[in-house]
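Coordinates from upload_2.txt are shown below (compact mmCIF, C-alpha atoms and all ligand atoms).
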```txt
# COMPACT_ATOMS: atom_id res chain seq x y z
CA MET M 1098 -40.56 22.79 -14.58
CA LYS M 1099 -41.93 19.62 -13.16
CA SER M 1100 -40.62 17.44 -15.98
CA ILE M 1101 -37.13 18.97 -15.64
CA PHE M 1102 -37.14 18.19 -11.95
CA VAL M 1103 -38.21 14.58 -12.58
CA SER M 1104 -35.57 13.97 -15.22
CA GLY M 1105 -32.96 15.55 -12.97
CA LEU M 1106 -33.95 13.17 -10.22
CA LEU M 1107 -33.82 10.19 -12.56
CA LEU M 1108 -30.36 11.19 -13.73
CA LEU M 1109 -29.22 11.39 -10.12
CA CYS M 1110 -30.58 7.90 -9.43
CA TRP M 1111 -28.80 6.54 -12.48
CA GLN M 1112 -25.51 8.09 -11.39
CA VAL M 1113 -25.77 6.59 -7.91
CA HIS M 1114 -26.44 3.21 -9.46
CA ALA M 1115 -23.66 3.64 -12.04
CA ASN M 1116 -21.08 4.30 -9.32
CA GLU M 1117 -22.20 1.54 -7.03
CA VAL M 1118 -19.40 -0.70 -5.83
CA LYS M 1119 -20.29 -4.38 -5.78
CA LEU M 1120 -18.16 -6.34 -3.37
CA PRO M 1121 -17.91 -10.10 -3.11
CA LYS M 1122 -19.57 -11.95 -0.26
CA CYS M 1123 -16.81 -13.61 1.65
CA LYS M 1124 -16.41 -15.79 4.65
CA ILE M 1125 -13.23 -14.93 6.46
CA GLU M 1126 -12.46 -17.40 9.20
CA ALA M 1127 -9.03 -16.55 10.57
CA VAL M 1128 -7.74 -13.02 10.25
CA VAL M 1129 -3.98 -12.49 10.48
CA GLU M 1130 -2.92 -9.43 12.45
CA THR M 1131 0.01 -7.50 10.95
CA PRO M 1132 1.33 -5.07 13.61
CA ILE M 1133 3.28 -2.14 12.20
CA THR M 1134 6.08 -0.17 13.85
CA PHE M 1135 6.52 3.39 12.62
CA PHE M 1136 9.90 5.10 12.99
CA ILE M 1137 9.54 8.87 12.91
CA SER M 1138 12.39 10.79 11.25
CA ASP M 1139 13.69 14.09 12.57
CA SER M 1140 12.10 16.00 9.69
CA VAL M 1141 8.68 14.92 10.98
CA ILE M 1142 9.50 15.31 14.69
CA LYS M 1143 10.49 18.92 14.08
CA GLY M 1144 7.52 19.77 11.89
CA TYR M 1145 4.53 18.11 13.56
CA GLU M 1146 2.84 17.57 16.91
CA VAL M 1147 2.65 13.98 18.16
CA VAL M 1148 -1.13 14.07 17.94
CA ASP M 1149 -0.94 15.00 14.24
CA ILE M 1150 1.50 12.17 13.53
CA GLU M 1151 -0.79 9.69 15.32
CA GLY M 1152 -3.75 11.05 13.37
CA HIS M 1153 -2.09 10.40 10.01
CA ILE M 1154 -1.12 6.86 11.05
CA GLN M 1155 -4.67 6.12 12.18
CA ARG M 1156 -6.03 7.50 8.88
CA TRP M 1157 -3.80 5.07 6.93
CA LEU M 1158 -4.71 2.11 9.14
CA ASP M 1159 -8.45 2.82 8.86
CA PHE M 1160 -8.25 2.91 5.07
CA SER M 1161 -6.15 -0.26 4.96
CA ASN M 1162 -8.53 -2.24 7.13
CA GLN M 1163 -11.56 -1.13 5.14
CA ALA M 1164 -9.81 -2.00 1.89
CA LEU M 1165 -8.71 -5.42 3.13
CA GLN M 1166 -12.24 -6.18 4.27
CA ASN M 1167 -13.70 -4.97 0.96
CA SER M 1168 -11.27 -7.23 -0.90
CA CYS M 1169 -11.95 -10.36 1.19
CA ILE M 1170 -8.38 -10.48 2.44
CA PRO M 1171 -7.92 -12.05 5.90
CA LEU M 1172 -5.46 -9.46 7.19
CA THR M 1173 -5.71 -6.54 9.60
CA ARG M 1174 -3.26 -3.69 10.02
CA THR M 1175 -2.61 -2.54 13.58
CA LEU M 1176 -0.28 -0.07 15.24
CA ASP M 1177 2.50 -1.85 17.10
CA LYS M 1178 4.81 1.01 18.17
CA ILE M 1179 5.78 4.53 17.30
CA ILE M 1180 9.53 5.08 17.76
CA PHE M 1181 10.97 8.58 17.46
CA THR M 1182 14.31 8.51 15.66
CA PRO M 1183 15.96 11.95 15.74
CA GLU M 1184 19.18 10.29 14.49
CA ILE M 1185 17.55 9.80 11.11
CA LEU M 1186 17.11 13.18 9.53
CA GLY M 1187 14.75 12.28 6.71
CA GLU M 1188 16.72 14.52 4.40
CA GLU M 1189 17.15 14.31 0.67
CA SER M 1190 20.39 12.34 0.62
CA GLU M 1191 18.87 9.39 2.42
CA GLU M 1192 18.04 6.55 0.07
CA LEU M 1193 16.03 3.50 1.15
CA SER M 1194 19.18 1.41 1.71
CA VAL M 1195 20.88 4.22 3.62
CA VAL M 1196 18.01 4.86 6.02
CA HIS M 1197 17.65 1.13 6.61
CA ALA M 1198 21.35 0.93 7.43
CA PHE M 1199 20.87 3.80 9.91
CA LEU M 1200 17.95 1.98 11.53
CA GLU M 1201 20.02 -1.20 11.85
CA TYR M 1202 22.86 0.80 13.38
CA TYR M 1203 20.82 2.75 15.93
CA TYR M 1204 18.05 0.22 16.63
CA PRO M 1205 19.62 -3.22 16.04
CA GLN M 1206 17.47 -5.12 18.52
CA GLU M 1207 14.22 -3.64 17.27
CA ILE M 1208 15.08 -4.30 13.61
CA GLU M 1209 16.16 -7.86 14.29
CA ALA M 1210 13.02 -8.60 16.30
CA LEU M 1211 10.82 -7.08 13.57
CA ASN M 1212 12.45 -9.18 10.87
CA ASN M 1213 12.15 -12.34 12.95
CA ALA M 1214 8.41 -11.87 13.45
CA LYS M 1215 6.67 -13.21 10.39
CA ALA M 1216 3.67 -10.88 10.34
CA LYS M 1217 5.25 -7.64 11.56
CA PHE M 1218 6.17 -4.69 9.35
CA TYR M 1219 7.99 -1.40 9.88
CA GLY M 1220 8.30 1.90 8.11
CA LEU M 1221 10.10 5.18 8.33
CA ILE M 1222 7.99 8.30 8.04
CA TYR M 1223 9.40 11.26 6.13
CA LYS M 1224 8.06 14.72 5.75
CA THR M 1225 6.50 14.56 2.29
CA ASN M 1226 7.73 17.74 0.69
CA LEU M 1227 11.46 17.05 0.56
CA SER M 1228 13.18 18.49 -2.47
CA LYS M 1229 14.53 15.08 -3.56
CA PHE M 1230 11.10 13.74 -4.20
CA THR M 1231 8.95 14.62 -7.13
CA SER M 1232 5.37 15.59 -6.46
CA GLU M 1233 4.45 11.96 -7.17
CA TRP M 1234 6.71 10.47 -4.51
CA CYS M 1235 4.92 9.16 -1.49
CA GLY M 1236 6.54 5.93 -0.45
CA GLU M 1237 9.09 3.30 -1.35
CA THR M 1238 9.86 -0.37 -0.87
CA ASN M 1239 12.37 -2.88 -2.17
CA ALA M 1240 10.75 -6.21 -1.32
CA SER M 1241 13.65 -8.30 -2.69
CA VAL M 1242 16.03 -6.82 -0.13
CA TYR M 1243 13.82 -5.54 2.72
CA ALA M 1244 10.80 -7.83 3.01
CA LYS M 1245 9.20 -5.89 5.87
CA PHE M 1246 10.32 -2.30 5.36
CA PHE M 1247 8.79 0.74 3.67
CA THR M 1248 9.16 4.50 3.71
CA ILE M 1249 6.19 6.85 3.55
CA GLY M 1250 5.51 10.59 3.56
CA LEU M 1251 3.43 11.80 6.49
CA THR M 1252 0.82 13.68 4.49
CA CYS M 1253 0.46 11.13 1.70
CA LYS M 1254 -3.00 10.01 0.66
CA ASP M 1255 -4.99 7.47 2.66
CA HIS M 1256 -4.15 4.48 0.44
CA VAL M 1257 -0.36 4.89 0.34
CA LEU M 1258 0.40 2.73 3.39
CA GLU M 1259 -1.63 -0.15 1.94
CA HIS M 1260 -0.01 0.41 -1.48
CA GLU M 1261 3.48 0.01 0.04
CA LEU M 1262 2.41 -3.03 2.09
CA GLY M 1263 0.92 -4.39 -1.15
CA HIS M 1264 4.38 -4.20 -2.72
CA LEU M 1265 5.77 -6.17 0.22
CA ALA M 1266 3.14 -8.82 -0.56
CA TRP M 1267 4.36 -8.81 -4.21
CA ALA M 1268 1.41 -6.96 -5.69
CA SER M 1269 2.33 -4.86 -8.76
CA HIS M 1270 1.23 -1.61 -10.35
CA ASP M 1271 -1.37 -1.43 -13.11
CA MET M 1272 -0.31 -2.42 -16.62
CA ASP M 1273 -0.19 1.15 -18.01
CA THR M 1274 2.04 2.40 -15.23
CA LEU M 1275 4.29 -0.63 -15.46
CA SER M 1276 4.61 -0.26 -19.23
CA THR M 1277 6.12 3.16 -18.61
CA GLN M 1278 8.24 1.98 -15.70
CA THR M 1279 9.62 -1.02 -17.57
CA ASP M 1280 10.14 0.51 -21.04
CA GLY M 1281 7.18 -1.39 -22.43
CA MET M 1282 7.98 -4.77 -20.84
CA PRO M 1283 5.35 -5.09 -18.09
CA PHE M 1284 5.03 -8.85 -18.51
CA ASP M 1285 8.69 -9.46 -17.70
CA LEU M 1286 8.63 -8.16 -14.16
CA SER M 1287 10.08 -11.31 -12.63
CA ASN M 1288 13.10 -11.11 -14.97
CA GLN M 1289 14.22 -7.98 -13.18
CA LEU M 1290 14.36 -9.73 -9.82
CA PRO M 1291 16.95 -11.93 -8.13
CA LEU M 1292 16.47 -15.65 -8.80
CA SER M 1293 15.48 -16.34 -5.20
CA VAL M 1294 12.34 -14.19 -5.39
CA LYS M 1295 11.32 -14.48 -9.06
CA HIS M 1296 8.57 -16.96 -8.26
CA LYS M 1297 6.87 -14.45 -5.96
CA VAL M 1298 5.66 -12.28 -8.84
CA LYS M 1299 2.47 -13.88 -10.14
CA LYS M 1300 0.98 -13.30 -13.57
CA TYR M 1301 -2.22 -12.06 -11.95
CA SER M 1302 -0.50 -9.48 -9.74
CA TYR M 1303 -1.34 -6.29 -11.63
CA GLY M 1304 -3.41 -3.38 -10.40
CA TYR M 1305 -6.35 -2.09 -12.41
CA ILE M 1306 -8.11 1.12 -13.31
CA CYS M 1307 -11.89 0.97 -13.46
CA GLY M 1308 -14.35 3.80 -13.94
CA GLY M 1309 -11.46 6.27 -13.96
CA LYS M 1310 -10.26 5.33 -10.47
CA GLY M 1311 -7.38 3.05 -9.61
CA THR M 1312 -7.37 0.02 -7.36
CA ILE M 1313 -4.81 0.23 -4.56
CA MET M 1314 -1.75 -0.68 -6.65
CA ALA M 1315 -2.70 1.47 -9.66
CA TYR M 1316 -1.52 5.00 -10.33
CA ALA M 1317 -4.55 7.26 -10.63
CA ASP M 1318 -5.81 10.57 -9.24
CA GLN M 1319 -8.47 8.78 -7.24
CA THR M 1320 -8.27 5.39 -5.58
CA HIS M 1321 -10.90 2.75 -4.87
CA PRO M 1322 -10.76 1.26 -1.37
CA PHE M 1323 -9.95 -2.25 -2.65
CA TYR M 1324 -7.34 -4.29 -4.52
CA SER M 1325 -7.88 -5.34 -8.12
CA SER M 1326 -10.20 -8.32 -8.28
CA PRO M 1327 -12.43 -9.95 -10.91
CA THR M 1328 -15.12 -10.27 -8.22
CA ILE M 1329 -15.41 -6.54 -7.51
CA SER M 1330 -17.17 -4.13 -9.81
CA TYR M 1331 -17.77 -0.41 -9.98
CA GLY M 1332 -21.08 0.29 -11.71
CA SER M 1333 -21.02 -2.07 -14.67
CA ILE M 1334 -17.22 -2.24 -14.86
CA VAL M 1335 -15.31 -5.18 -13.39
CA CYS M 1336 -12.28 -4.00 -11.38
CA GLY M 1337 -9.86 -6.76 -12.25
CA ASN M 1338 -9.18 -9.83 -14.31
CA ALA M 1339 -8.52 -13.39 -13.15
CA HIS M 1340 -5.55 -13.77 -15.51
CA TYR M 1341 -3.63 -10.57 -14.95
CA ALA M 1342 -5.28 -8.28 -12.37
CA ASP M 1343 -6.22 -10.07 -9.17
CA ASN M 1344 -4.17 -8.49 -6.42
CA ALA M 1345 -6.82 -9.50 -3.88
CA ARG M 1346 -5.78 -13.10 -4.60
CA VAL M 1347 -2.09 -12.14 -4.30
CA LEU M 1348 -2.79 -10.68 -0.85
CA ARG M 1349 -4.94 -13.65 0.24
CA GLU M 1350 -2.13 -16.04 -0.66
CA TYR M 1351 0.38 -13.79 1.10
CA ALA M 1352 -1.82 -13.81 4.23
CA LEU M 1353 -1.66 -17.62 4.23
CA SER M 1354 2.12 -17.51 3.89
CA LEU M 1355 2.35 -15.40 7.05
CA VAL M 1356 0.82 -18.16 9.13
CA GLY M 1357 2.18 -21.20 7.28
CA GLU M 1358 5.66 -22.67 7.36
ZN ZN M 1401 4.11 1.47 -6.04
```

As structure tokens - that is how I would like this structure written.
Amino acid sequence: MKSIFVSGLLLLCWQVHANEVKLPKCKIEAVVETPITFFISDSVIKGYEVVDIEGHIQRWLDFSNQALQNSCIPLTRTLDKIIFTPEILGEESEELSVVHAFLEYYYPQEIEALNNAKAKFYGLIYKTNLSKFTSEWCGETNASVYAKFFTIGLTCKDHVLEHELGHLAWASHDMDTLSTQTDGMPFDLSNQLPLSVKHKVKKYSYGYICGGKGTIMAYADQTHPFYSSPTISYGSIVCGNAHYADNARVLREYALSLVGE
């Protein structure tokens, strides 16, 4: 019995070690604050208490800030405002462009001010289980057209806010997911974009799956609290690659662009 107990204990120790996340040591000098305004659609207003809505937002922000810190990215996510928008139903017919047009129509001053502030972002919160969306849907962006705007489902997983903000920083999905999404042409991402923004997609902007879990931009059942990076590892597996999977670098460079000219 004793030997079984000892080997069981050893196995446990090995597993803890095998799943250990090794993060880079980093010296962050100036952190850029990125305040976020959340517009709350009618579908959410009708279905949830204010305290629940605030709780979900806080859960996303907490994950984001931990992940940014883990990835050595000099950004913080903060709550700017919550604006209730009963005019926007959050129903299945509302595409990203349509809901943004509604926001511009009903809240022109707010939208203009948000777009004029370099480090501010804004999103519209849907109820997650709308019939339009597949079970995989949890958020959307179109960075070429709306550089600051995202949609998100209220009950989506912790990492989804940071995933959508990652898209706005021009981080991309993992190679496997992109192969499917681009009919096997994941390396030609920039060719699908307008000329004016092509240069924003970097060769190293892919997410990564390591140890069965995805980094923030990867599609996986479980998500690591960090962006892909060649300086982060999970057990003995490196969670990125300097040539094609370094979204931490993409986000660091984006952070600099928010304070530069
Ligand atoms: Zn995505």

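Selecting all polymer residues at most 9 Å from ligand ZN 1401 (chain M), using all atoms listed in the file, gives Cys1235, Gly1236, Glu1237, Thr1238, Val1257, His1260, Glu1261, Gly1263, His1264, Ala1268, Ser1269, His1270, Met1314, Ala1315 and Tyr1316 of chain M.
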
### For Thr1182 in chain M: contacts at 8 Å, all atoms listed in the file, fewer than 4 positions along chain excluded, given as an MDAnalysis selection string
chainID M and resid 1136:1139

### Message
Counting only C-alpha atoms, which residue out of M:Ser1333, M:Val1196, M:Tyr1303, M:Ala1342 sits closest to Leu1275 in chain M?
### Response
M:Tyr1303

#### Entry: Shell of 9 Å around range 1288-1301 of chain M, all atoms listed in the file, local chain residues under 3 positions omitted, as JSON, numbers by chain
{"M": [1241, 1266, 1267, 1268, 1269, 1284, 1285, 1304, 1338, 1339, 1340, 1341, 1342, 1343, 1344, 1346, 1347]}

Could you turn the residues from that selection into a file that holds C-alpha atoms, as a CSV table (one decimal), in the frame of the given file?
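Produced file selection16.csv, reproduced below:
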```
chain,number,residue,atom,x,y,z
M,1241,SER,CA,13.6,-8.3,-2.7
M,1266,ALA,CA,3.1,-8.8,-0.6
M,1267,TRP,CA,4.4,-8.8,-4.2
M,1268,ALA,CA,1.4,-7.0,-5.7
M,1269,SER,CA,2.3,-4.9,-8.8
M,1284,PHE,CA,5.0,-8.8,-18.5
M,1285,ASP,CA,8.7,-9.5,-17.7
M,1304,GLY,CA,-3.4,-3.4,-10.4
M,1338,ASN,CA,-9.2,-9.8,-14.3
M,1339,ALA,CA,-8.5,-13.4,-13.2
M,1340,HIS,CA,-5.6,-13.8,-15.5
M,1341,TYR,CA,-3.6,-10.6,-15.0
M,1342,ALA,CA,-5.3,-8.3,-12.4
M,1343,ASP,CA,-6.2,-10.1,-9.2
M,1344,ASN,CA,-4.2,-8.5,-6.4
M,1346,ARG,CA,-5.8,-13.1,-4.6
M,1347,VAL,CA,-2.1,-12.1,-4.3
```

#### Entry: Surrounding residues of Ile1208 in chain M excluding itself and chain neighbours under 6 positions, 9 Å, all atoms listed in the file, as a ChimeraX atom specification
/M:1200-1201,1219

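Proximity to Ala1164 in chain M at 8 Å, evaluated using all atoms listed in the file and with sequence-adjacent residues fewer than 5 positions away removed, yields Pro1322, Phe1323 and Tyr1324 of chain M.
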
### Task
Work out how far apart CA of Val1195 in chain M and CA of Ala1244 in chain M are and give it in Å to one decimal.
15.7 Å

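Considering the residues M:Leu1176, M:Ile1142, M:Ile1154, M:Val1242 and counting all atoms listed in the file, His1197 in chain M has its shortest atom-to-atom contact with M:Val1242.
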
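Atom pair CA of Ser1161 in chain M / CA of Gly1332 in chain M: separated by 22.4 Å.
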
### Query
Smallest atom-to-atom distance to Ile1313 in chain M: which of M:Phe1160, M:Tyr1223, M:Tyr1202, M:Phe1247, using all atoms listed in the file?
M:Phe1160

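Compared by their closest atoms to Leu1193 in chain M, and using only C-alpha atoms, the residues M:Cys1123, M:Ile1306, M:Phe1246, M:Asn1162 rank with M:Phe1246 nearest.
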
### Summary
Separating CA of Asp1271 in chain M from CA of Tyr1305 in chain M, to the nearest tenth of an Å, is a gap of 5.1 Å

Using all atoms listed in the file, which protein or nucleic acid residues come within 8 Å of Lys1178 in chain M? Drop anything in the same chain fewer than 2 positions from it, and give the result as an mmCIF file with C-alpha atoms, in the coordinates of the input.
```cif
data_model
loop_
_atom_site.group_PDB
_atom_site.id
_atom_site.type_symbol
_atom_site.label_atom_id
_atom_site.label_comp_id
_atom_site.auth_asym_id
_atom_site.auth_seq_id
_atom_site.Cartn_x
_atom_site.Cartn_y
_atom_site.Cartn_z
ATOM 1 C CA ILE M 1133 3.280 -2.140 12.200
ATOM 2 C CA THR M 1134 6.080 -0.170 13.850
ATOM 3 C CA PHE M 1135 6.520 3.390 12.620
ATOM 4 C CA LEU M 1176 -0.280 -0.070 15.240
ATOM 5 C CA ILE M 1180 9.530 5.080 17.760
#
```

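Of the listed residues M:Gly1309, M:His1153, M:Ala1317, M:Leu1348, the one whose atoms come nearest to Tyr1331 in chain M is M:Gly1309, with distances taken using only C-alpha atoms.
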
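Candidate residues M:Asp1159, M:Lys1245, M:Leu1251, M:Gly1337 were compared for distance to Ala1210 in chain M, and the nearest is M:Lys1245, using all atoms listed in the file.
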
### Query
Using all atoms listed in the file, can you list as a PyMOL selection string the residues within 12 Å of (8.3, 16.3, 12.2)?
chain M and resi 1136-1151+1181-1183+1185-1188+1221-1226+1250-1252

With the input short on atoms, add all heavy atoms back to range 1323-1334 of chain M and write it as a PDB file, in the frame of the given file.
```pdb
ATOM      1  N   PHE M1323     -10.089  -0.785  -2.497  1.00  0.00           N
ATOM      2  CA  PHE M1323      -9.950  -2.250  -2.650  1.00  0.00           C
ATOM      3  C   PHE M1323      -8.835  -2.558  -3.635  1.00  0.00           C
ATOM      4  O   PHE M1323      -8.416  -1.704  -4.425  1.00  0.00           O
ATOM      5  CB  PHE M1323     -11.261  -2.907  -3.106  1.00  0.00           C
ATOM      6  CG  PHE M1323     -11.983  -2.235  -4.239  1.00  0.00           C
ATOM      7  CD1 PHE M1323     -11.586  -2.409  -5.555  1.00  0.00           C
ATOM      8  CD2 PHE M1323     -13.088  -1.424  -3.997  1.00  0.00           C
ATOM      9  CE1 PHE M1323     -12.257  -1.806  -6.602  1.00  0.00           C
ATOM     10  CE2 PHE M1323     -13.771  -0.799  -5.030  1.00  0.00           C
ATOM     11  CZ  PHE M1323     -13.354  -0.985  -6.335  1.00  0.00           C
ATOM     12  N   TYR M1324      -8.350  -3.788  -3.563  1.00  0.00           N
ATOM     13  CA  TYR M1324      -7.340  -4.290  -4.520  1.00  0.00           C
ATOM     14  C   TYR M1324      -8.044  -4.747  -5.795  1.00  0.00           C
ATOM     15  O   TYR M1324      -9.251  -5.050  -5.776  1.00  0.00           O
ATOM     16  CB  TYR M1324      -6.590  -5.468  -3.902  1.00  0.00           C
ATOM     17  CG  TYR M1324      -5.494  -5.068  -2.932  1.00  0.00           C
ATOM     18  CD1 TYR M1324      -5.725  -5.008  -1.558  1.00  0.00           C
ATOM     19  CD2 TYR M1324      -4.213  -4.769  -3.379  1.00  0.00           C
ATOM     20  CE1 TYR M1324      -4.716  -4.660  -0.663  1.00  0.00           C
ATOM     21  CE2 TYR M1324      -3.189  -4.414  -2.500  1.00  0.00           C
ATOM     22  CZ  TYR M1324      -3.442  -4.360  -1.152  1.00  0.00           C
ATOM     23  OH  TYR M1324      -2.442  -4.003  -0.276  1.00  0.00           O
ATOM     24  N   SER M1325      -7.294  -4.829  -6.867  1.00  0.00           N
ATOM     25  CA  SER M1325      -7.880  -5.340  -8.120  1.00  0.00           C
ATOM     26  C   SER M1325      -8.423  -6.746  -7.880  1.00  0.00           C
ATOM     27  O   SER M1325      -7.812  -7.551  -7.169  1.00  0.00           O
ATOM     28  CB  SER M1325      -6.814  -5.371  -9.228  1.00  0.00           C
ATOM     29  OG  SER M1325      -5.743  -6.221  -8.880  1.00  0.00           O
ATOM     30  N   SER M1326      -9.584  -7.003  -8.463  1.00  0.00           N
ATOM     31  CA  SER M1326     -10.200  -8.320  -8.280  1.00  0.00           C
ATOM     32  C   SER M1326     -11.296  -8.513  -9.326  1.00  0.00           C
ATOM     33  O   SER M1326     -12.089  -7.607  -9.567  1.00  0.00           O
ATOM     34  CB  SER M1326     -10.836  -8.407  -6.881  1.00  0.00           C
ATOM     35  OG  SER M1326     -11.647  -9.556  -6.803  1.00  0.00           O
ATOM     36  N   PRO M1327     -11.358  -9.694  -9.936  1.00  0.00           N
ATOM     37  CA  PRO M1327     -12.430  -9.950 -10.910  1.00  0.00           C
ATOM     38  C   PRO M1327     -13.795 -10.090 -10.238  1.00  0.00           C
ATOM     39  O   PRO M1327     -14.810 -10.159 -10.926  1.00  0.00           O
ATOM     40  CB  PRO M1327     -11.993 -11.258 -11.577  1.00  0.00           C
ATOM     41  CG  PRO M1327     -11.065 -11.905 -10.607  1.00  0.00           C
ATOM     42  CD  PRO M1327     -10.408 -10.810  -9.824  1.00  0.00           C
ATOM     43  N   THR M1328     -13.836 -10.128  -8.902  1.00  0.00           N
ATOM     44  CA  THR M1328     -15.120 -10.270  -8.220  1.00  0.00           C
ATOM     45  C   THR M1328     -15.631  -8.944  -7.644  1.00  0.00           C
ATOM     46  O   THR M1328     -16.614  -8.919  -6.931  1.00  0.00           O
ATOM     47  CB  THR M1328     -15.035 -11.315  -7.077  1.00  0.00           C
ATOM     48  OG1 THR M1328     -14.107 -10.829  -6.093  1.00  0.00           O
ATOM     49  CG2 THR M1328     -14.592 -12.661  -7.578  1.00  0.00           C
ATOM     50  N   ILE M1329     -14.945  -7.861  -7.954  1.00  0.00           N
ATOM     51  CA  ILE M1329     -15.410  -6.540  -7.510  1.00  0.00           C
ATOM     52  C   ILE M1329     -15.748  -5.714  -8.738  1.00  0.00           C
ATOM     53  O   ILE M1329     -15.002  -5.719  -9.721  1.00  0.00           O
ATOM     54  CB  ILE M1329     -14.330  -5.811  -6.678  1.00  0.00           C
ATOM     55  CG1 ILE M1329     -13.982  -6.622  -5.416  1.00  0.00           C
ATOM     56  CG2 ILE M1329     -14.796  -4.406  -6.285  1.00  0.00           C
ATOM     57  CD1 ILE M1329     -12.865  -6.029  -4.571  1.00  0.00           C
ATOM     58  N   SER M1330     -16.867  -5.005  -8.680  1.00  0.00           N
ATOM     59  CA  SER M1330     -17.170  -4.130  -9.810  1.00  0.00           C
ATOM     60  C   SER M1330     -17.616  -2.757  -9.330  1.00  0.00           C
ATOM     61  O   SER M1330     -18.063  -2.573  -8.203  1.00  0.00           O
ATOM     62  CB  SER M1330     -18.211  -4.760 -10.737  1.00  0.00           C
ATOM     63  OG  SER M1330     -19.363  -5.074 -10.008  1.00  0.00           O
ATOM     64  N   TYR M1331     -17.447  -1.811 -10.250  1.00  0.00           N
ATOM     65  CA  TYR M1331     -17.770  -0.410  -9.980  1.00  0.00           C
ATOM     66  C   TYR M1331     -18.763  -0.009 -11.062  1.00  0.00           C
ATOM     67  O   TYR M1331     -18.391   0.106 -12.238  1.00  0.00           O
ATOM     68  CB  TYR M1331     -16.492   0.414 -10.078  1.00  0.00           C
ATOM     69  CG  TYR M1331     -16.656   1.882  -9.835  1.00  0.00           C
ATOM     70  CD1 TYR M1331     -17.200   2.367  -8.647  1.00  0.00           C
ATOM     71  CD2 TYR M1331     -16.241   2.818 -10.787  1.00  0.00           C
ATOM     72  CE1 TYR M1331     -17.333   3.719  -8.418  1.00  0.00           C
ATOM     73  CE2 TYR M1331     -16.358   4.178 -10.553  1.00  0.00           C
ATOM     74  CZ  TYR M1331     -16.902   4.622  -9.370  1.00  0.00           C
ATOM     75  OH  TYR M1331     -17.029   5.967  -9.147  1.00  0.00           O
ATOM     76  N   GLY M1332     -20.051   0.140 -10.688  1.00  0.00           N
ATOM     77  CA  GLY M1332     -21.080   0.290 -11.710  1.00  0.00           C
ATOM     78  C   GLY M1332     -21.114  -0.998 -12.518  1.00  0.00           C
ATOM     79  O   GLY M1332     -21.173  -2.089 -11.962  1.00  0.00           O
ATOM     80  N   SER M1333     -20.985  -0.866 -13.834  1.00  0.00           N
ATOM     81  CA  SER M1333     -21.020  -2.070 -14.670  1.00  0.00           C
ATOM     82  C   SER M1333     -19.602  -2.548 -15.028  1.00  0.00           C
ATOM     83  O   SER M1333     -19.448  -3.477 -15.808  1.00  0.00           O
ATOM     84  CB  SER M1333     -21.795  -1.769 -15.950  1.00  0.00           C
ATOM     85  OG  SER M1333     -21.184  -0.677 -16.593  1.00  0.00           O
ATOM     86  N   ILE M1334     -18.586  -1.918 -14.455  1.00  0.00           N
ATOM     87  CA  ILE M1334     -17.220  -2.240 -14.860  1.00  0.00           C
ATOM     88  C   ILE M1334     -16.559  -3.159 -13.825  1.00  0.00           C
ATOM     89  O   ILE M1334     -16.525  -2.853 -12.632  1.00  0.00           O
ATOM     90  CB  ILE M1334     -16.368  -0.962 -14.992  1.00  0.00           C
ATOM     91  CG1 ILE M1334     -17.075   0.037 -15.905  1.00  0.00           C
ATOM     92  CG2 ILE M1334     -14.977  -1.273 -15.514  1.00  0.00           C
ATOM     93  CD1 ILE M1334     -16.545   1.445 -15.781  1.00  0.00           C
TER      94      ILE M1334
END
```
